[in-house]
file entry.tsv (TSV, C-alpha atoms and all ligand atoms)
chain	number	residue	atom	x	y	z
A	1039	MET	CA	38.45	12.23	-18.68
A	1040	LEU	CA	37.05	15.49	-17.31
A	1041	THR	CA	37.61	15.56	-13.56
A	1042	GLN	CA	37.76	19.23	-12.67
A	1043	GLY	CA	37.71	22.38	-14.76
A	1044	ILE	CA	37.23	22.55	-18.53
A	1045	ILE	CA	39.19	21.09	-21.37
A	1046	THR	CA	40.58	23.60	-23.84
A	1047	GLY	CA	42.50	21.84	-26.56
A	1048	SER	CA	44.59	19.42	-24.57
A	1049	SER	CA	45.08	21.50	-21.39
A	1050	VAL	CA	42.71	21.51	-18.42
A	1051	GLN	CA	42.25	24.88	-16.76
A	1052	THR	CA	41.20	25.19	-13.16
A	1053	LEU	CA	38.12	27.35	-12.75
A	1054	HIS	CA	38.17	30.03	-10.11
A	1055	LYS	CA	35.25	31.97	-8.75
A	1056	SER	CA	35.05	35.55	-9.94
A	1057	LEU	CA	37.12	38.24	-8.25
A	1058	LYS	CA	33.82	39.90	-7.30
A	1059	LEU	CA	33.23	37.04	-4.85
A	1060	ASN	CA	36.65	37.25	-3.25
A	1061	ASN	CA	35.65	39.33	-0.26
A	1062	VAL	CA	32.11	38.04	0.03
A	1063	CYS	CA	31.63	36.08	3.27
A	1064	TYR	CA	28.44	34.13	3.65
A	1065	ASP	CA	29.03	31.26	6.00
A	1066	ILE	CA	25.55	30.47	7.28
A	1067	ARG	CA	25.37	27.89	4.54
A	1068	GLY	CA	29.15	27.39	4.42
A	1069	PRO	CA	31.68	25.23	6.27
A	1070	VAL	CA	29.61	24.82	9.44
A	1071	LEU	CA	26.73	23.37	7.45
A	1072	GLN	CA	29.17	21.13	5.61
A	1073	ARG	CA	30.46	19.80	8.94
A	1074	ALA	CA	26.87	19.31	10.13
A	1075	LYS	CA	26.14	17.25	7.00
A	1076	GLU	CA	29.18	15.08	7.67
A	1077	MET	CA	28.03	14.55	11.25
A	1078	GLU	CA	24.55	13.62	10.00
A	1079	GLU	CA	26.10	11.06	7.69
A	1080	ASP	CA	27.87	9.62	10.75
A	1081	GLY	CA	24.48	9.14	12.37
A	1082	HIS	CA	24.29	12.24	14.60
A	1083	ARG	CA	20.97	14.07	14.89
A	1084	ILE	CA	21.57	17.73	14.10
A	1085	ILE	CA	19.16	20.54	14.88
A	1086	LYS	CA	19.92	23.20	12.30
A	1087	LEU	CA	19.64	26.71	13.65
A	1088	ASN	CA	21.87	28.29	11.01
A	1089	ILE	CA	18.95	29.76	9.09
A	1090	GLY	CA	15.52	30.80	10.34
A	1091	ASN	CA	13.62	27.98	8.66
A	1092	PRO	CA	10.43	27.34	10.65
A	1093	ALA	CA	9.08	24.45	8.50
A	1094	PRO	CA	11.40	21.65	9.74
A	1095	PHE	CA	10.26	22.51	13.28
A	1096	GLY	CA	6.63	21.83	12.43
A	1097	PHE	CA	5.51	25.38	11.63
A	1098	GLU	CA	3.18	24.79	8.73
A	1099	ALA	CA	2.07	27.34	6.16
A	1100	PRO	CA	-1.40	28.65	7.07
A	1101	GLU	CA	-3.94	26.33	5.43
A	1102	GLU	CA	-5.77	29.17	3.67
A	1103	ILE	CA	-2.59	30.32	1.92
A	1104	LEU	CA	-1.76	26.78	0.86
A	1105	GLN	CA	-5.27	26.18	-0.48
A	1106	ASP	CA	-5.33	29.44	-2.43
A	1107	VAL	CA	-1.96	28.73	-3.99
A	1108	ILE	CA	-3.20	25.28	-5.04
A	1109	HIS	CA	-6.46	26.77	-6.33
A	1110	ASN	CA	-4.62	29.29	-8.49
A	1111	MET	CA	-1.81	27.04	-9.68
A	1112	GLY	CA	-3.51	26.65	-13.04
A	1113	GLN	CA	-2.71	30.29	-13.73
A	1114	ALA	CA	0.90	30.04	-12.63
A	1115	SER	CA	2.51	28.73	-15.81
A	1116	GLY	CA	3.37	32.03	-17.43
A	1117	TYR	CA	5.64	34.90	-16.49
A	1118	THR	CA	3.95	37.77	-14.68
A	1119	ASP	CA	4.79	41.45	-14.91
A	1120	SER	CA	8.43	41.67	-13.87
A	1121	LYS	CA	7.45	43.69	-10.79
A	1122	GLY	CA	4.87	41.12	-9.76
A	1123	LEU	CA	1.20	40.20	-10.00
A	1124	PHE	CA	-1.16	43.15	-9.77
A	1125	SER	CA	-3.26	41.46	-7.05
A	1126	ALA	CA	-0.17	40.76	-4.93
A	1127	ARG	CA	1.15	44.29	-5.31
A	1128	LYS	CA	-2.28	45.75	-4.54
A	1129	ALA	CA	-2.40	43.75	-1.31
A	1130	ILE	CA	1.11	44.95	-0.43
A	1131	MET	CA	0.05	48.52	-1.20
A	1132	HIS	CA	-2.87	48.13	1.22
A	1133	TYR	CA	-0.45	46.76	3.78
A	1134	THR	CA	1.65	49.93	3.47
A	1135	GLN	CA	-1.52	51.90	4.22
A	1136	GLN	CA	-2.10	49.87	7.38
A	1137	LYS	CA	1.48	50.62	8.38
A	1138	ASN	CA	1.03	54.35	7.69
A	1139	ILE	CA	3.62	54.49	4.93
A	1140	LYS	CA	2.33	57.32	2.78
A	1141	GLY	CA	2.09	57.70	-0.98
A	1142	VAL	CA	2.96	54.16	-2.09
A	1143	THR	CA	1.56	53.19	-5.49
A	1144	ILE	CA	1.55	49.85	-7.26
A	1145	GLU	CA	4.53	51.07	-9.29
A	1146	ASP	CA	6.61	51.53	-6.13
A	1147	ILE	CA	6.43	47.83	-5.33
A	1148	ILE	CA	8.57	45.00	-6.69
A	1149	VAL	CA	7.79	41.42	-5.77
A	1150	GLY	CA	10.86	39.19	-5.57
A	1151	ASN	CA	12.04	35.66	-4.87
A	1152	GLY	CA	12.17	36.35	-1.18
A	1153	VAL	CA	13.70	39.38	0.50
A	1154	SER	CA	17.10	37.83	-0.21
A	1155	GLU	CA	16.87	38.45	-3.94
A	1156	LEU	CA	15.66	42.00	-3.36
A	1157	ILE	CA	18.50	42.82	-0.95
A	1158	VAL	CA	20.99	41.84	-3.64
A	1159	MET	CA	19.01	43.79	-6.23
A	1160	ALA	CA	18.77	46.89	-4.02
A	1161	MET	CA	22.55	46.93	-3.60
A	1162	GLN	CA	23.38	46.09	-7.23
A	1163	GLY	CA	21.11	48.89	-8.37
A	1164	LEU	CA	22.69	51.56	-6.18
A	1165	LEU	CA	26.32	50.94	-5.47
A	1166	ASN	CA	29.40	51.81	-7.47
A	1167	ASN	CA	32.81	50.44	-6.57
A	1168	GLY	CA	34.03	52.13	-3.43
A	1169	ASP	CA	30.61	53.17	-2.13
A	1170	GLN	CA	29.84	52.43	1.49
A	1171	VAL	CA	26.73	51.26	3.29
A	1172	LEU	CA	26.16	51.27	7.03
A	1173	VAL	CA	25.14	47.81	8.22
A	1174	PRO	CA	24.25	46.75	11.77
A	1175	MET	CA	26.64	44.76	13.90
A	1176	PRO	CA	25.76	42.02	14.74
A	1177	ASP	CA	24.57	41.57	11.20
A	1178	TYR	CA	22.26	39.37	9.20
A	1179	PRO	CA	25.17	38.41	6.94
A	1180	LEU	CA	23.37	38.66	3.61
A	1181	TRP	CA	23.40	42.46	3.88
A	1182	THR	CA	27.18	42.59	4.20
A	1183	ALA	CA	27.59	40.02	1.45
A	1184	ALA	CA	25.24	41.90	-0.90
A	1185	VAL	CA	27.04	45.23	-0.33
A	1186	THR	CA	30.39	43.58	-1.04
A	1187	LEU	CA	29.16	41.74	-4.13
A	1188	ALA	CA	27.91	45.05	-5.51
A	1189	GLY	CA	31.41	46.52	-5.21
A	1190	GLY	CA	30.72	48.41	-1.99
A	1191	THR	CA	32.07	48.24	1.53
A	1192	ALA	CA	29.90	47.51	4.54
A	1193	ARG	CA	30.73	49.75	7.50
A	1194	HIS	CA	29.33	48.05	10.57
A	1195	TYR	CA	27.73	50.22	13.22
A	1196	VAL	CA	27.44	49.12	16.83
A	1197	CYS	CA	24.20	47.88	18.35
A	1198	GLU	CA	24.44	47.80	22.13
A	1199	GLU	CA	23.34	44.81	24.16
A	1200	ASP	CA	22.93	46.80	27.36
A	1201	ASN	CA	20.63	49.20	25.52
A	1202	GLY	CA	18.22	46.58	24.17
A	1203	TRP	CA	20.56	46.08	21.20
A	1204	GLU	CA	19.60	49.49	19.81
A	1205	PRO	CA	21.97	51.01	17.26
A	1206	ASN	CA	24.32	53.62	18.65
A	1207	LEU	CA	23.52	56.80	16.73
A	1208	LYS	CA	26.87	58.42	17.53
A	1209	ASP	CA	28.65	55.40	16.13
A	1210	ILE	CA	26.53	55.56	12.95
A	1211	GLU	CA	27.29	59.25	12.54
A	1212	SER	CA	31.01	58.70	13.09
A	1213	LYS	CA	31.16	56.15	10.26
A	1214	ILE	CA	29.64	58.37	7.58
A	1215	ASN	CA	31.90	59.85	4.94
A	1216	ALA	CA	31.65	61.18	1.38
A	1217	ASN	CA	31.27	57.62	0.01
A	1218	THR	CA	28.38	56.59	2.26
A	1219	ARG	CA	25.18	55.90	0.35
A	1220	GLY	CA	22.79	54.26	2.77
A	1221	ILE	CA	21.92	52.90	6.21
A	1222	VAL	CA	20.52	49.41	6.68
A	1223	ILE	CA	18.28	48.71	9.63
A	1224	ILE	CA	16.87	45.31	10.47
A	1225	ASN	CA	13.83	45.87	12.67
A	1226	PRO	CA	12.76	43.59	14.30
A	1227	ASN	CA	16.29	42.34	14.33
A	1228	ASN	CA	17.91	39.11	13.34
A	1229	PRO	CA	20.00	38.00	15.26
A	1230	THR	CA	19.30	40.01	18.43
A	1231	GLY	CA	15.48	40.06	18.52
A	1232	ALA	CA	15.56	43.83	19.20
A	1233	LEU	CA	12.60	46.04	18.35
A	1234	TYR	CA	13.41	49.70	17.82
A	1235	SER	CA	11.63	52.60	19.52
A	1236	ASP	CA	10.11	55.42	17.48
A	1237	ASP	CA	12.63	57.84	19.00
A	1238	LEU	CA	15.50	55.74	17.77
A	1239	LEU	CA	13.97	55.44	14.30
A	1240	LYS	CA	13.55	59.23	14.19
A	1241	GLY	CA	17.21	59.59	15.16
A	1242	ILE	CA	18.22	57.37	12.24
A	1243	ILE	CA	16.02	59.37	9.88
A	1244	GLU	CA	17.60	62.59	11.11
A	1245	ILE	CA	21.06	61.25	10.26
A	1246	ALA	CA	19.93	60.00	6.83
A	1247	ARG	CA	18.28	63.34	6.08
A	1248	HIS	CA	21.35	65.30	7.10
A	1249	HIS	CA	23.73	63.22	4.99
A	1250	GLY	CA	21.40	62.44	2.06
A	1251	LEU	CA	21.40	58.68	2.66
A	1252	VAL	CA	18.89	56.03	1.60
A	1253	ILE	CA	17.35	54.03	4.44
A	1254	PHE	CA	17.03	50.30	3.75
A	1255	ALA	CA	14.58	48.80	6.23
A	1256	ASP	CA	14.46	45.01	6.46
A	1257	GLU	CA	11.17	44.42	8.30
A	1258	ILE	CA	10.67	40.74	7.57
A	1259	TYR	CA	9.78	40.01	11.23
A	1260	ASP	CA	7.32	42.88	11.65
A	1261	LYS	CA	4.50	40.62	12.88
A	1262	VAL	CA	6.59	38.42	15.14
A	1263	LEU	CA	6.10	40.55	18.24
A	1264	TYR	CA	5.75	39.35	21.83
A	1265	ASP	CA	4.33	40.84	25.04
A	1266	GLY	CA	1.97	43.23	23.22
A	1267	HIS	CA	4.74	45.15	21.44
A	1268	GLN	CA	3.91	47.17	18.32
A	1269	HIS	CA	6.10	47.66	15.26
A	1270	THR	CA	6.60	50.99	13.54
A	1271	SER	CA	7.76	50.99	9.93
A	1272	ILE	CA	10.51	53.58	9.75
A	1273	ALA	CA	9.11	54.69	6.39
A	1274	SER	CA	5.95	55.88	8.14
A	1275	LEU	CA	7.90	58.52	10.05
A	1276	ALA	CA	9.08	60.80	7.22
A	1277	ASP	CA	8.54	61.54	3.55
A	1278	ASP	CA	11.67	63.54	2.76
A	1279	VAL	CA	14.14	60.63	2.85
A	1280	LEU	CA	14.17	57.69	0.41
A	1281	PHE	CA	13.09	54.48	2.11
A	1282	ILE	CA	13.46	51.03	0.63
A	1283	THR	CA	11.36	48.76	2.83
A	1284	LEU	CA	11.67	44.99	2.49
A	1285	ASN	CA	9.26	42.38	3.74
A	1286	GLY	CA	7.83	39.04	2.72
A	1287	LEU	CA	5.98	35.86	3.56
A	1288	SER	CA	8.88	33.79	4.88
A	1289	LYS	CA	8.62	34.47	8.59
A	1290	ASN	CA	5.30	36.15	9.39
A	1291	TYR	CA	3.55	33.41	7.39
A	1292	ARG	CA	6.09	30.57	7.83
A	1293	THR	CA	6.43	30.02	4.10
A	1294	CYS	CA	10.17	30.48	3.45
A	1295	GLY	CA	10.03	27.93	0.65
A	1296	TYR	CA	7.47	29.93	-1.33
A	1297	ARG	CA	10.20	32.52	-1.96
A	1298	ALA	CA	7.87	35.51	-1.85
A	1299	GLY	CA	9.11	38.91	-0.74
A	1300	TRP	CA	8.66	42.52	-1.72
A	1301	LEU	CA	10.47	45.82	-1.91
A	1302	ILE	CA	8.71	49.14	-1.46
A	1303	ALA	CA	10.14	52.52	-2.44
A	1304	SER	CA	8.65	55.42	-0.51
A	1305	GLY	CA	9.44	58.92	0.73
A	1306	ALA	CA	11.76	61.06	-1.39
A	1307	LYS	CA	11.14	59.14	-4.61
A	1308	LYS	CA	11.30	62.21	-6.86
A	1309	HIS	CA	15.06	62.46	-6.45
A	1310	ALA	CA	15.52	58.74	-6.96
A	1311	HIS	CA	13.97	58.17	-10.40
A	1312	ASP	CA	17.18	56.86	-11.85
A	1313	TYR	CA	17.82	54.41	-9.00
A	1314	ILE	CA	14.23	53.16	-9.15
A	1315	GLU	CA	14.63	52.80	-12.91
A	1316	GLY	CA	17.70	50.65	-12.21
A	1317	LEU	CA	15.70	48.46	-9.82
A	1318	ASN	CA	13.01	48.02	-12.47
A	1319	MET	CA	15.70	47.04	-14.96
A	1320	LEU	CA	17.13	44.43	-12.58
A	1321	ALA	CA	13.61	43.11	-11.95
A	1322	SER	CA	12.98	42.70	-15.65
A	1323	MET	CA	16.34	40.99	-16.20
A	1324	ARG	CA	15.11	38.01	-14.16
A	1325	LEU	CA	11.71	38.24	-15.89
A	1326	CYS	CA	9.58	37.80	-12.77
A	1327	ALA	CA	9.48	36.27	-9.30
A	1328	ASN	CA	8.30	32.73	-8.67
A	1329	VAL	CA	4.59	32.84	-9.55
A	1330	PRO	CA	3.18	30.20	-7.15
A	1331	GLY	CA	4.79	32.16	-4.31
A	1332	GLN	CA	3.27	35.41	-5.54
A	1333	LEU	CA	-0.13	33.74	-5.51
A	1334	GLY	CA	0.04	33.41	-1.73
A	1335	ILE	CA	0.58	37.11	-1.04
A	1336	GLN	CA	-2.94	38.49	-1.34
A	1337	THR	CA	-4.46	35.79	0.86
A	1338	ALA	CA	-1.64	36.04	3.41
A	1339	LEU	CA	-1.93	39.78	3.91
A	1340	GLY	CA	-5.74	39.88	4.22
A	1341	GLY	CA	-8.04	38.68	6.97
A	1342	TYR	CA	-7.14	36.41	9.88
A	1343	GLN	CA	-3.47	36.59	10.84
A	1344	SER	CA	-2.49	33.25	12.35
A	1345	ILE	CA	0.84	34.68	13.52
A	1346	ASP	CA	-1.08	36.60	16.20
A	1347	ASP	CA	-2.00	33.32	17.88
A	1348	LEU	CA	1.57	32.04	17.73
A	1349	VAL	CA	3.04	35.11	19.42
A	1350	ALA	CA	0.29	35.44	22.08
A	1351	PRO	CA	1.34	34.38	25.62
A	1352	GLU	CA	-0.05	30.86	25.10
A	1353	GLY	CA	1.17	30.64	21.49
A	1354	ARG	CA	3.92	28.27	20.46
A	1355	LEU	CA	6.44	30.93	19.37
A	1356	CYS	CA	6.06	32.91	22.58
A	1357	LYS	CA	6.27	29.82	24.78
A	1358	GLN	CA	9.34	28.64	22.92
A	1359	ARG	CA	10.97	32.04	23.25
A	1360	ASP	CA	10.32	31.95	27.01
A	1361	LEU	CA	11.54	28.40	27.45
A	1362	ALA	CA	14.64	28.85	25.31
A	1363	TYR	CA	15.47	32.04	27.22
A	1364	GLU	CA	15.01	30.36	30.62
A	1365	MET	CA	17.04	27.30	29.69
A	1366	LEU	CA	19.85	29.26	28.05
A	1367	THR	CA	20.25	31.71	30.89
A	1368	ALA	CA	20.19	28.86	33.43
A	1369	ILE	CA	23.50	27.66	31.95
A	1370	PRO	CA	26.40	29.03	34.03
A	1371	GLY	CA	28.18	31.84	32.20
A	1372	VAL	CA	25.43	32.41	29.64
A	1373	THR	CA	23.45	35.64	29.67
A	1374	CYS	CA	20.98	36.90	27.11
A	1375	TYR	CA	18.75	39.85	26.29
A	1376	LYS	CA	15.14	38.66	26.27
A	1377	PRO	CA	13.95	39.45	22.74
A	1378	PRO	CA	10.66	41.31	22.33
A	1379	ALA	CA	10.40	40.22	18.69
A	1380	ALA	CA	11.58	37.89	15.88
A	1381	MET	CA	12.71	34.28	16.32
A	1382	TYR	CA	16.19	34.52	17.78
A	1383	LEU	CA	18.18	34.68	21.00
A	1384	PHE	CA	21.65	36.18	20.91
A	1385	PRO	CA	23.38	34.90	24.03
A	1386	LYS	CA	26.63	36.11	25.52
A	1387	LEU	CA	29.21	33.67	26.86
A	1388	ASP	CA	31.32	34.72	29.80
A	1389	PRO	CA	34.91	34.51	28.49
A	1390	GLU	CA	36.16	33.53	31.96
A	1391	ILE	CA	34.10	30.34	31.74
A	1392	TYR	CA	34.28	29.85	27.97
A	1393	PRO	CA	37.73	30.94	26.80
A	1394	ILE	CA	36.84	31.09	23.10
A	1395	GLU	CA	39.36	33.10	21.14
A	1396	ASP	CA	37.89	32.93	17.67
A	1397	ASP	CA	34.29	32.17	16.83
A	1401	LIG	N1	16.24	39.39	6.18
A	1401	LIG	C1	16.38	38.89	7.40
A	1401	LIG	C2	16.69	39.81	8.53
A	1401	LIG	C3	16.26	37.51	7.62
A	1401	LIG	O1	16.42	37.02	8.85
A	1401	LIG	C4	15.99	36.66	6.53
A	1401	LIG	C5	15.90	35.20	6.70
A	1401	LIG	O2	16.27	34.65	7.71
A	1401	LIG	C6	15.85	37.24	5.26
A	1401	LIG	C7	15.97	38.61	5.12
A	1401	LIG	C8	15.59	36.40	4.05
A	1401	LIG	O3	14.24	36.32	3.79
A	1401	LIG	P1	13.63	35.61	2.50
A	1401	LIG	O4	13.26	34.23	2.90
A	1401	LIG	O5	12.42	36.45	2.19
A	1401	LIG	O6	14.64	35.65	1.43
call {"tool": "encode", "arguments": {"input": "entry.tsv", "output": "structure tokens"}}
result
Amino acid sequence: MLTQGIITGSSVQTLHKSLKLNNVCYDIRGPVLQRAKEMEEDGHRIIKLNIGNPAPFGFEAPEEILQDVIHNMGQASGYTDSKGLFSARKAIMHYTQQKNIKGVTIEDIIVGNGVSELIVMAMQGLLNNGDQVLVPMPDYPLWTAAVTLAGGTARHYVCEEDNGWEPNLKDIESKINANTRGIVIINPNNPTGALYSDDLLKGIIEIARHHGLVIFADEIYDKVLYDGHQHTSIASLADDVLFITLNGLSKNYRTCGYRAGWLIASGAKKHAHDYIEGLNMLASMRLCANVPGQLGIQTALGGYQSIDDLVAPEGRLCKQRDLAYEMLTAIPGVTCYKPPAAMYLFPKLDPEIYPIEDD
């Protein structure tokens, strides 16, 4: 009987995961979720906040996107161009124009199975063993995992709570060495909800320019902005640094399950032909992104933006942010920065009241 492993001749060998995965940590779907499942089986009701998944909380996909995907499903049976449907990439290109990112052509855009796939691709395409990438701390853990899986090392730079969770530029600078290849910024930020000022973004560009680093900008929450705040795409602020900007439908359009994201190369592309070639190769190795998801992109990016209603003062997301903030900070020993953007609160527990030694 085969219970575990494979049978070779008469001996059963235990299968181990590859050495490449040894240092990869990605626990948001790991042991905690496993424990939650066990508790559910015991009859407990669990609210899962481990991933930003708006659908189970009643955030529906905008009706127009859903209808257009259904309408076009008949054309979704074949592979598309490995970089994505022309119409989707055209809409993304127009979006870069709205965000003042200059010089983006259709060829600079790759549509992927969510930003997640493209993060992994962006790291696999660039890093050699021993390369380093600067990643924010606190982190959205996929970035660290993707750097590690690609053979690199994530060097975490400090973001400071008492400074609106902005990255500390001195700390970034101090962590750069001959092996450093890029800087990741997540703006608006998961998990802190921070939104970066233009001055800060210019400071990051200055560092990248000086050290010849690629800037990876994860901007998946760029429309989830409260209190009238505006978002600046870092790629709109310079054209002499290579920017890889990532965005998608998951959060702004509450369609995580469609798995539709995109990667945009802009700025100093001339010096990055080979890297971009590598990204194209990785895109063609998985043939194309999920086509039904791609079909939602053009409709999502054009016309009425339902997210604007959700983040307005009377909108559900804004009211929930306010209520969650008030209730959390009313708990003795819990303080929190009130996030101007995204869908998260990153509270601090007073160690005098909550003597947690290891989280
Ligand atoms: N980047 C950040 C900062 C996120 O918070 C998330 C999802 O929570 C992702 C990327 C993944 O997005 P996608 O659903 O497009 O893979």
call {"tool": "closest_atom_pairs", "arguments": {"input": "entry.tsv", "of": "stretch 1251-1366 of chain A", "to": "stretch 1137-1146 of chain A", "cutoff": "6 Å", "atoms": "all atoms listed in the file", "output": "CSV"}}
result
residue,atom,partner,partner_atom,distance
A:Ala1273,CA,A:Ile1139,CA,5.7
A:Ser1274,CA,A:Ile1139,CA,4.2
A:Ile1302,CA,A:Asp1146,CA,5.7
A:Ala1303,CA,A:Asp1146,CA,5.2
call {"tool": "atom_distance", "arguments": {"input": "entry.tsv", "atom1": "atom CA of A:Gly1371", "atom2": "atom CA of A:Glu1199"}}
result
16.0 Å
call {"tool": "closest_residue", "arguments": {"input": "entry.tsv", "among": "A:Asp1256, A:Glu1198, A:Glu1101, A:Glu1079", "to": "ligand LIG 1401 (chain A)", "atoms": "all atoms listed in the file"}}
result
A:Asp1256
call {"tool": "closest_residue", "arguments": {"input": "entry.tsv", "among": "A:Ile1210, A:Cys1294, A:Ala1350, A:Met1323", "to": "ligand LIG 1401 (chain A)", "atoms": "only C-alpha atoms and all ligand atoms"}}
result
A:Cys1294
call {"tool": "closest_atom_pairs", "arguments": {"input": "entry.tsv", "of": "chain A", "to": "ligand LIG 1401 (chain A)", "cutoff": "10 Å", "atoms": "only C-alpha atoms and all ligand atoms", "output": "CSV"}}
result
residue,atom,partner,partner_atom,distance
A:Asn1088,CA,A:LIG1401,O2,9.1
A:Ile1089,CA,A:LIG1401,O2,5.7
A:Gly1090,CA,A:LIG1401,O2,4.7
A:Asn1091,CA,A:LIG1401,O2,7.2
A:Pro1092,CA,A:LIG1401,O2,9.8
A:Gly1150,CA,A:LIG1401,O5,8.4
A:Asn1151,CA,A:LIG1401,O6,6.8
A:Gly1152,CA,A:LIG1401,O5,3.4
A:Val1153,CA,A:LIG1401,O5,3.6
A:Ser1154,CA,A:LIG1401,O6,3.7
A:Glu1155,CA,A:LIG1401,O6,6.5
A:Leu1156,CA,A:LIG1401,O6,8.0
A:Ile1157,CA,A:LIG1401,C7,7.8
A:Asp1177,CA,A:LIG1401,C2,8.5
A:Tyr1178,CA,A:LIG1401,C2,5.6
A:Pro1179,CA,A:LIG1401,C2,8.7
A:Leu1180,CA,A:LIG1401,C7,7.6
A:Trp1181,CA,A:LIG1401,N1,8.1
A:Ile1223,CA,A:LIG1401,C2,9.1
A:Ile1224,CA,A:LIG1401,C2,5.8
A:Asn1225,CA,A:LIG1401,C2,7.9
A:Pro1226,CA,A:LIG1401,C2,7.9
A:Asn1227,CA,A:LIG1401,C2,6.3
A:Asn1228,CA,A:LIG1401,C2,5.0
A:Pro1229,CA,A:LIG1401,O1,7.4
A:Ala1255,CA,A:LIG1401,C2,9.5
A:Asp1256,CA,A:LIG1401,N1,5.9
A:Glu1257,CA,A:LIG1401,C2,7.2
A:Ile1258,CA,A:LIG1401,N1,5.9
A:Tyr1259,CA,A:LIG1401,C2,7.4
A:Leu1284,CA,A:LIG1401,N1,8.1
A:Asn1285,CA,A:LIG1401,O5,6.9
A:Gly1286,CA,A:LIG1401,O5,5.3
A:Leu1287,CA,A:LIG1401,O5,6.6
A:Ser1288,CA,A:LIG1401,O4,4.8
A:Lys1289,CA,A:LIG1401,O4,7.3
A:Arg1292,CA,A:LIG1401,O4,9.4
A:Thr1293,CA,A:LIG1401,O4,8.1
A:Cys1294,CA,A:LIG1401,O4,4.9
A:Gly1295,CA,A:LIG1401,O4,7.4
A:Tyr1296,CA,A:LIG1401,O4,8.4
A:Arg1297,CA,A:LIG1401,O4,6.0
A:Ala1298,CA,A:LIG1401,O5,6.2
A:Gly1299,CA,A:LIG1401,O5,5.1
A:Trp1300,CA,A:LIG1401,O5,8.1
A:Ala1380,CA,A:LIG1401,O1,8.6
A:Met1381,CA,A:LIG1401,O1,8.8
A:Tyr1382,CA,A:LIG1401,O1,9.3
call {"tool": "write_last_selection", "arguments": {"input": "entry.tsv", "atoms": "C-alpha atoms", "output": "PDB file, in the coordinates of the input"}}
result
ATOM      1  CA  ASN A1088      21.870  28.290  11.010  1.00  0.00           C
ATOM      2  CA  ILE A1089      18.950  29.760   9.090  1.00  0.00           C
ATOM      3  CA  GLY A1090      15.520  30.800  10.340  1.00  0.00           C
ATOM      4  CA  ASN A1091      13.620  27.980   8.660  1.00  0.00           C
ATOM      5  CA  PRO A1092      10.430  27.340  10.650  1.00  0.00           C
ATOM      6  CA  GLY A1150      10.860  39.190  -5.570  1.00  0.00           C
ATOM      7  CA  ASN A1151      12.040  35.660  -4.870  1.00  0.00           C
ATOM      8  CA  GLY A1152      12.170  36.350  -1.180  1.00  0.00           C
ATOM      9  CA  VAL A1153      13.700  39.380   0.500  1.00  0.00           C
ATOM     10  CA  SER A1154      17.100  37.830  -0.210  1.00  0.00           C
ATOM     11  CA  GLU A1155      16.870  38.450  -3.940  1.00  0.00           C
ATOM     12  CA  LEU A1156      15.660  42.000  -3.360  1.00  0.00           C
ATOM     13  CA  ILE A1157      18.500  42.820  -0.950  1.00  0.00           C
ATOM     14  CA  ASP A1177      24.570  41.570  11.200  1.00  0.00           C
ATOM     15  CA  TYR A1178      22.260  39.370   9.200  1.00  0.00           C
ATOM     16  CA  PRO A1179      25.170  38.410   6.940  1.00  0.00           C
ATOM     17  CA  LEU A1180      23.370  38.660   3.610  1.00  0.00           C
ATOM     18  CA  TRP A1181      23.400  42.460   3.880  1.00  0.00           C
ATOM     19  CA  ILE A1223      18.280  48.710   9.630  1.00  0.00           C
ATOM     20  CA  ILE A1224      16.870  45.310  10.470  1.00  0.00           C
ATOM     21  CA  ASN A1225      13.830  45.870  12.670  1.00  0.00           C
ATOM     22  CA  PRO A1226      12.760  43.590  14.300  1.00  0.00           C
ATOM     23  CA  ASN A1227      16.290  42.340  14.330  1.00  0.00           C
ATOM     24  CA  ASN A1228      17.910  39.110  13.340  1.00  0.00           C
ATOM     25  CA  PRO A1229      20.000  38.000  15.260  1.00  0.00           C
ATOM     26  CA  ALA A1255      14.580  48.800   6.230  1.00  0.00           C
ATOM     27  CA  ASP A1256      14.460  45.010   6.460  1.00  0.00           C
ATOM     28  CA  GLU A1257      11.170  44.420   8.300  1.00  0.00           C
ATOM     29  CA  ILE A1258      10.670  40.740   7.570  1.00  0.00           C
ATOM     30  CA  TYR A1259       9.780  40.010  11.230  1.00  0.00           C
ATOM     31  CA  LEU A1284      11.670  44.990   2.490  1.00  0.00           C
ATOM     32  CA  ASN A1285       9.260  42.380   3.740  1.00  0.00           C
ATOM     33  CA  GLY A1286       7.830  39.040   2.720  1.00  0.00           C
ATOM     34  CA  LEU A1287       5.980  35.860   3.560  1.00  0.00           C
ATOM     35  CA  SER A1288       8.880  33.790   4.880  1.00  0.00           C
ATOM     36  CA  LYS A1289       8.620  34.470   8.590  1.00  0.00           C
ATOM     37  CA  ARG A1292       6.090  30.570   7.830  1.00  0.00           C
ATOM     38  CA  THR A1293       6.430  30.020   4.100  1.00  0.00           C
ATOM     39  CA  CYS A1294      10.170  30.480   3.450  1.00  0.00           C
ATOM     40  CA  GLY A1295      10.030  27.930   0.650  1.00  0.00           C
ATOM     41  CA  TYR A1296       7.470  29.930  -1.330  1.00  0.00           C
ATOM     42  CA  ARG A1297      10.200  32.520  -1.960  1.00  0.00           C
ATOM     43  CA  ALA A1298       7.870  35.510  -1.850  1.00  0.00           C
ATOM     44  CA  GLY A1299       9.110  38.910  -0.740  1.00  0.00           C
ATOM     45  CA  TRP A1300       8.660  42.520  -1.720  1.00  0.00           C
ATOM     46  CA  ALA A1380      11.580  37.890  15.880  1.00  0.00           C
ATOM     47  CA  MET A1381      12.710  34.280  16.320  1.00  0.00           C
ATOM     48  CA  TYR A1382      16.190  34.520  17.780  1.00  0.00           C
TER      49      TYR A1382
END
call {"tool": "closest_residue", "arguments": {"input": "entry.tsv", "among": "A:Leu1317, A:Cys1356, A:Ile1103, A:Leu1059", "to": "A:Gly1331", "atoms": "all atoms listed in the file"}}
result
A:Ile1103
